[in-house]
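Below: the structure, in structure tokens.
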Amino acid sequence: MITIFLQHELKSFWRSRNTGKNIAVKIIMGILILYLLLCALSVGFFMDTFLNKMFPKQDVIVSFSGIILIYFMFEFISRTQLQELPTLKVQPYLQLPIKRNSIVQYLAITSIISAFNLIPILLFMPFIAKVIAVKAGGGVAWAYVVSILGLIIFNNYLALYIKRKANLNGWILIAVTALLVFVCLGDFLWHIYSIRELSYHFFGHLFNYQVLALVPVLMGVLMYYINFLYLKDNLYLEELSKKASKKSSTEYPFLDRFGITGDLVANEIKLIIRNKRPNSAIKVSCMFLFYGLLVYNKPSMHNDYAIILIGMLMSGIFIINYGQFMFSWQAAHFDGILVSKLNFEEFLKAKYLLFTIVSTITFILTTPYAYFGWRILLVQFIMYLWNVGVSTTIILYTANYNSKRIDLSKSASFNWEGAGATQWLLAFPLFITPFIIYLPLNLLGFPNIGLACVGVTGLLFILTRNFWVGLLKNNFYKRKYTIAEGFRNK
Amino acid sequence: MIQINNLKKVYNGLTVVNIPQLEIKKGESIGLVGNNGAGKTTLFRMILDLIRPDAGEVLLNDENVAGNENWKNYTASYLDEGFLIDYLTPEEYFYFIGSLHQQSRTSVDEYLAALSDFFNGEILKRGKYIRDLSKGNQTKVGIASCLLQNPQLLMLDEPFANIDPSTQIRLKNMLKDSNKNEGVTTLISSHDLNHITDVCDRILLMEKGKIVKDIATSSSTLAELENYFAVGQGDSTPTPPVIQE
């Protein structure tokens with residue numbers, strides 16, 4: 001049965017509509033993981049040297065035994081953040097004559113296939129073979145191996161169990177993280193206890209009582225079993241148990257004055273707030289507000305090029321980050337937009353309005369950077385004009401060449417859905433164009449005129465907006481069937 | 001109202017729609033029937049300018065729909081959930097659609113109040129986004145938003161699917177009422193032969209992209225259609241299977 005599931009998953013991977021993109025992502029991830037594993041392996045081989053340097057007064061085996069639990073402790077923290085839950089779309093199998101146990105077993109067993117489970121093996125085994133087996137004999141070495149394998153399994157299933165629980169209730173992950181932070185603080189800051197001592201005590205006893213190695217194994221098996229039972233119990237709850245809080249209608253009276261355009265903007269704000277993927281796009285934009293802090297406090301970075309780039313990123317990151325998937329956000333109801341009594345000009349104007357509102361807010365939020373010099377504020381204002389005028393138009397133009405559907409409910413990290421070569425190609429002119437204007441004038445010795453030209457260009461674009469809307473609209477009509485068809489492809 | 005000339009759509013060498021000539025007059029109520037893959041939805045999408053035909057044209061009120069937006073002022077349609085903005089609450093969606101037609105919130109509210117039977121208490125003020133509604137209830141939202149627009153042309157793709165029997169009957173009455181009393185031209189596709197012959201005055205039967213029958217509904221139409229669709233199943237009346245030992 002498990003082989004059939006594996007086959008189905010392989011098929012779903014190869015036959016998915018974005019297979020090409022998925023493969024690219026997997027290759028990048030694969031290279032990263034391989035690099036990580038190689039690092040682990042080389043650290044593993046030179047573990048004795050490292051340990052001698054770090055704890056010169058101690059026997060290497062003592063220091064080795066001391067770090068094992070500390071490693072697993074931090075590994076557990078990273079597992080809760082990074083490890084992915086194995087997914088098999090369970091639903092189509094539930095009503096078939098397939099034993100629940102085999103579905104659950106599949107989910108439980110495939111979770112072992114993870115780089116997290118390989119790293120400790122590469123990290124610890126060379127030392128065990130090189131040092132412990134030589135000094136203490138095969139029996140003790142095996143005891144080490146078995147207990148480390150047990151800890152891997154235990155960590156694996158504990159992390160998955162907590163992640164599954166956290167899927168239903170986000171607070172659990174926060175509570176667990178807080179607990180782990182306290183455990184770390186208790187050791188490293190308050191010195192109430194020492195995980196290193198504990199680790200040494202346990203592994204030290206392995207020298208005399210090798211049977212103790214079964215303790216971590218038993219813990220691992222127990223955790224597997226708990227996980228198994230939990231999965232089995234919740235096989236049909238997975239979908240149902242999402243919290244159904246009461247949703248209410250919202251209004252933005254501020255937008256009423258803009259008529260239909262305002263209504264469209266209100267809808268789009270709701271789109272951003274109520275869906276996972278655009279929501280994280282917004283959060284990224286907020287993080288970029290602090291970008292200035294990183295750069296401006298270094299006086300060496302106070303040249304116009306840097307400020308132009310950062311000014312552009314800070315007030316324009318929303319335009320870039322959200323705008324690069326323009327129209328795709330609305331893929332799910334694009335047919336509805338096309339047949340509704342809606343002039344496409346209004347649709348475009350709503351996009352402009354949304355960008356203008358968000359850029360204005362981010363510009364205002366970044367005004368305190370004037371602390372680092374008034375010129376910074378000036379350049380930021382110029383780049384704000386540029387973003388509202390030019391960046392918006394470029395990004396809306398690229399939107400006409402994007403016909404990839406986006407699933408709003410999926411999260412944004414490592415999600416290349418809707419991204420295509422066009423996005424990357426067209427993001428390029430976005431960054432280059434202000435410099436094309438500024439650079440020659442600066443080289444000729446007129447940096448201020450260069451900046452003024454950038455600002456004036458932005459302003460001109462804002463003033464001639466209706467003209468650009470018309471151009472974009474005509475271009476859209478040539479492309480609309482392709483876009484609509486692309487969006488219909490799930 | 002609708003004039004179709006030489007309309008053709010080909011996918012991968014397979015002709016999915018091929019209609020040399022079709023005219024639908026103002027105030028007619030048309031039922032479109034046909035097995036899966038007959039080309040009903042593709043035809044709808046071409047009428048709504050969502051798919052570019054490979055040949056031919058669709059005229060609404062003598063204007064080609066392609067490259068023209070006037071038809072949107074008097075046409076309301078619901079083909080599938082892709083027409084709904086699913087992260088809005090139903091109320092927000094209705095207000096939005098109303099605002100596109102310059103209707104105030106109070107007039108939308110009045111209109112929705114009149115639909116309370118049709119909604120059966122499952123749509124409004126339930127604290128759900130449209131995406132959280134069942135498929136049947138999404139269909140109700142779609143149909144209600146169509147009627148809200150006071151259209152002259154109403155197009156619904158399988159409106160009877162997914163909704164409960166009481167709502168089906170209410171919907172039939174609403175459709176008949178808007179056609180007979182308000183003169184709305186209706187174009188409906190359905191697999192339910194009973195409903196479609198009940199609601200529509202004229203039935204178009206599609207097969208492999210062609211309109212093979214064009215009949216004015218009479219008392220014998222239902223039997224005629226049942227007969228047609230029973231082809232290949234021996235008799236139109238099912239015979240009990242013979243058990244061989």
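Quick note on naming: the chains in the structure tokens go A, B, ... in the order shown, residues restart at 1 in each chain, and ligands are numbered from 1 in order of appearance.
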Give one line per residue of chain B that approaches chain A to at most 6 Å, naming the two atoms of the closest pair and their distance in Å to one decimal, counting only C-alpha atoms; sort by chain then ascending residue number and deliver it as a tab-separated table.
residue	atom	partner	partner_atom	distance
B:Ile51	CA	A:Tyr481	CA	5.8
B:Lys72	CA	A:Lys341	CA	4.9
B:Asn73	CA	A:Lys341	CA	5.6
B:Gly82	CA	A:His333	CA	4.5
B:Phe83	CA	A:Gly336	CA	3.7
B:Leu84	CA	A:His333	CA	5.7
B:Ile85	CA	A:His333	CA	5.6
B:Gly127	CA	A:Lys247	CA	4.3
B:Lys128	CA	A:Lys247	CA	5.2
Quiz item: Near segment 215-232 of chain B, within 7 Å and counting only C-alpha atoms, which residues show up once chain neighbours fewer than 3 positions away are dropped, as a ChimeraX atom specification?
Solution: /B:193-194,197,201-204,236
Can you tell me which residues surround Leu460 of chain A at a distance of at most 10 Å, considering only C-alpha atoms, apart from same-chain residues fewer than 3 positions away, and format the answer as a compact mmCIF listing (two decimals) with N, CA and C atoms, in the first residue's frame?
# COMPACT_ATOMS: atom_id res chain seq x y z
N LEU A 385 7.72 59.92 -5.05
CA LEU A 385 7.07 60.40 -6.27
C LEU A 385 7.34 59.43 -7.42
N TRP A 386 8.57 58.97 -7.49
CA TRP A 386 8.95 58.04 -8.55
C TRP A 386 8.11 56.75 -8.47
N GLY A 389 4.49 57.34 -9.32
CA GLY A 389 4.30 57.66 -10.73
C GLY A 389 4.76 56.55 -11.66
N VAL A 390 6.03 56.18 -11.54
CA VAL A 390 6.62 55.30 -12.56
C VAL A 390 6.54 53.82 -12.17
N VAL A 454 14.70 62.96 -11.61
CA VAL A 454 13.99 61.75 -11.19
C VAL A 454 12.63 62.14 -10.60
N GLY A 455 12.66 63.16 -9.72
CA GLY A 455 11.42 63.59 -9.08
C GLY A 455 10.42 64.12 -10.10
N VAL A 456 10.90 64.92 -11.04
CA VAL A 456 10.00 65.51 -12.04
C VAL A 456 9.39 64.42 -12.92
N THR A 457 10.22 63.43 -13.28
CA THR A 457 9.68 62.32 -14.08
C THR A 457 8.54 61.64 -13.33
N LEU A 463 0.88 63.09 -13.12
CA LEU A 463 -0.05 64.04 -13.75
C LEU A 463 -0.66 63.48 -15.03
N THR A 464 0.09 62.60 -15.72
CA THR A 464 -0.44 62.05 -16.98
C THR A 464 -1.02 60.66 -16.78
N ARG A 465 -1.46 60.38 -15.58
CA ARG A 465 -1.89 59.04 -15.24
C ARG A 465 -2.99 58.52 -16.17
Quiz item: To one decimal place, how far is atom CA of Phe118 of chain B from atom CA of Asp157 of chain B in Å?
Solution: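 Computed distance, atom CA of Phe118 of chain B to atom CA of Asp157 of chain B, equals 18.2 Å.
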Practice problem: For segment 130-137 of chain B, list every protein, DNA or RNA residue within 8 Å, evaluated using only C-alpha atoms, and leave out those in the same chain fewer than 4 positions away; present the list as an MDAnalysis selection string. | Solution: chainID B and resid 84:90 122:123 141 161:164
Restrict the selected residues to N, CA and C atoms and save them as a PDB file, in the first residue's frame.
ATOM      1  N   LEU B  84     -17.520  34.586  -8.078  1.00  0.00           N
ATOM      2  CA  LEU B  84     -17.720  35.197  -6.760  1.00  0.00           C
ATOM      3  C   LEU B  84     -16.389  35.626  -6.164  1.00  0.00           C
ATOM      4  N   ILE B  85     -16.406  36.702  -5.417  1.00  0.00           N
ATOM      5  CA  ILE B  85     -15.203  37.122  -4.699  1.00  0.00           C
ATOM      6  C   ILE B  85     -15.251  36.434  -3.349  1.00  0.00           C
ATOM      7  N   ASP B  86     -14.510  35.352  -3.211  1.00  0.00           N
ATOM      8  CA  ASP B  86     -14.842  34.421  -2.133  1.00  0.00           C
ATOM      9  C   ASP B  86     -14.340  34.833  -0.761  1.00  0.00           C
ATOM     10  N   TYR B  87     -13.515  35.888  -0.680  1.00  0.00           N
ATOM     11  CA  TYR B  87     -13.072  36.310   0.649  1.00  0.00           C
ATOM     12  C   TYR B  87     -13.944  37.432   1.197  1.00  0.00           C
ATOM     13  N   LEU B  88     -15.035  37.742   0.509  1.00  0.00           N
ATOM     14  CA  LEU B  88     -15.968  38.731   1.049  1.00  0.00           C
ATOM     15  C   LEU B  88     -17.106  38.008   1.744  1.00  0.00           C
ATOM     16  N   THR B  89     -17.772  38.689   2.662  1.00  0.00           N
ATOM     17  CA  THR B  89     -19.009  38.128   3.188  1.00  0.00           C
ATOM     18  C   THR B  89     -20.077  38.346   2.116  1.00  0.00           C
ATOM     19  N   PRO B  90     -21.148  37.530   2.124  1.00  0.00           N
ATOM     20  CA  PRO B  90     -22.183  37.719   1.106  1.00  0.00           C
ATOM     21  C   PRO B  90     -22.697  39.161   1.067  1.00  0.00           C
ATOM     22  N   GLU B 122     -29.761  31.103   5.330  1.00  0.00           N
ATOM     23  CA  GLU B 122     -28.423  30.500   5.344  1.00  0.00           C
ATOM     24  C   GLU B 122     -27.340  31.390   4.763  1.00  0.00           C
ATOM     25  N   ILE B 123     -27.718  32.552   4.276  1.00  0.00           N
ATOM     26  CA  ILE B 123     -26.723  33.360   3.585  1.00  0.00           C
ATOM     27  C   ILE B 123     -26.344  34.589   4.398  1.00  0.00           C
ATOM     28  N   VAL B 141     -25.875  32.656  -3.700  1.00  0.00           N
ATOM     29  CA  VAL B 141     -25.291  34.005  -3.704  1.00  0.00           C
ATOM     30  C   VAL B 141     -25.107  34.477  -5.146  1.00  0.00           C
ATOM     31  N   ALA B 161     -28.179  22.669 -10.037  1.00  0.00           N
ATOM     32  CA  ALA B 161     -27.268  21.717  -9.407  1.00  0.00           C
ATOM     33  C   ALA B 161     -26.908  22.219  -8.025  1.00  0.00           C
ATOM     34  N   ASN B 162     -26.723  21.334  -7.106  1.00  0.00           N
ATOM     35  CA  ASN B 162     -26.232  21.630  -5.750  1.00  0.00           C
ATOM     36  C   ASN B 162     -27.238  22.294  -4.813  1.00  0.00           C
ATOM     37  N   ILE B 163     -28.382  22.790  -5.337  1.00  0.00           N
ATOM     38  CA  ILE B 163     -29.282  23.434  -4.380  1.00  0.00           C
ATOM     39  C   ILE B 163     -30.432  22.507  -4.022  1.00  0.00           C
ATOM     40  N   ASP B 164     -30.996  22.758  -2.846  1.00  0.00           N
ATOM     41  CA  ASP B 164     -31.988  21.828  -2.307  1.00  0.00           C
ATOM     42  C   ASP B 164     -33.320  21.933  -3.049  1.00  0.00           C
TER      43      ASP B 164
END
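Counting only C-alpha atoms and comparing B:Val184, B:Ile211, B:Leu115, B:Leu100, the residue that lies closest to Leu43 of chain B is B:Ile211.
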Self-check item: Distance query Gln168 of chain B at most 12 Å, only C-alpha atoms, self and fewer than 2 positions along chain excluded, as a ChimeraX atom specification
Solution: /B:117-119,136,139-140,143,158-166,170-175,190,192,194-196,198-199
Would you mind exporting the chosen residues as a compact mmCIF listing (two decimals), in the first residue's frame, restricted to C-alpha atoms?
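Result file out13.txt:
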# COMPACT_ATOMS: atom_id res chain seq x y z
CA ASP B 117 -37.27 32.86 1.47
CA PHE B 118 -34.83 31.98 -1.27
CA PHE B 119 -31.89 32.33 1.13
CA GLY B 136 -25.27 25.18 -2.95
CA THR B 139 -24.84 29.15 -6.05
CA LYS B 140 -27.59 31.03 -4.22
CA ILE B 143 -27.96 33.78 -8.58
CA GLU B 158 -26.66 24.67 -14.19
CA PRO B 159 -28.35 26.76 -11.53
CA PHE B 160 -30.33 23.77 -10.21
CA ALA B 161 -27.27 21.72 -9.41
CA ASN B 162 -26.23 21.63 -5.75
CA ILE B 163 -29.28 23.43 -4.38
CA ASP B 164 -31.99 21.83 -2.31
CA PRO B 165 -35.43 20.90 -3.71
CA SER B 166 -37.28 23.76 -2.01
CA ARG B 170 -38.44 28.76 -5.61
CA LEU B 171 -35.79 29.41 -8.22
CA LYS B 172 -38.05 28.09 -10.96
CA ASN B 173 -40.78 30.47 -9.90
CA MET B 174 -38.36 33.38 -9.72
CA LEU B 175 -37.03 32.64 -13.19
CA SER B 190 -29.31 22.28 -16.94
CA ASP B 192 -32.55 18.43 -15.09
CA ASN B 194 -38.02 18.35 -15.76
CA HIS B 195 -36.99 21.77 -14.52
CA ILE B 196 -35.72 23.04 -17.81
CA ASP B 198 -40.90 23.65 -16.98
CA VAL B 199 -39.06 27.00 -16.99
Exercise. Choose the residue, out of B:Glu57, B:Glu69, B:Asp49, B:Asp80, that has the smallest atom-to-atom separation from Asn18 of chain B; count only C-alpha atoms.
Key: B:Glu57
Practice problem: Pick out the closest residue to Lys25 of chain B from this set: B:Lys125, B:Asn61, B:Leu50, B:Glu110. Count only C-alpha atoms. | Solution: B:Asn61
Exercise. For each of A:Cys286, A:Ile33, A:Met312, A:Ala159, take the minimum atom-to-atom distance to Ile382 of chain A, counting only C-alpha atoms, then give the residue where this is smallest.
Key: A:Met312
Quiz item: Of the candidates B:Leu79, B:Leu205, B:Ala55, B:Leu60, which one gets nearest to Ile24 of chain B if we count only C-alpha atoms?
Solution: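 Of the candidates, the smallest distance to Ile24 of chain B is held by B:Leu60.
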Practice problem: Report the distance between atom CA of Gln152 of chain B and atom CA of Lys210 of chain B in Å, rounded to one decimal place. | Solution: 25.9 Å
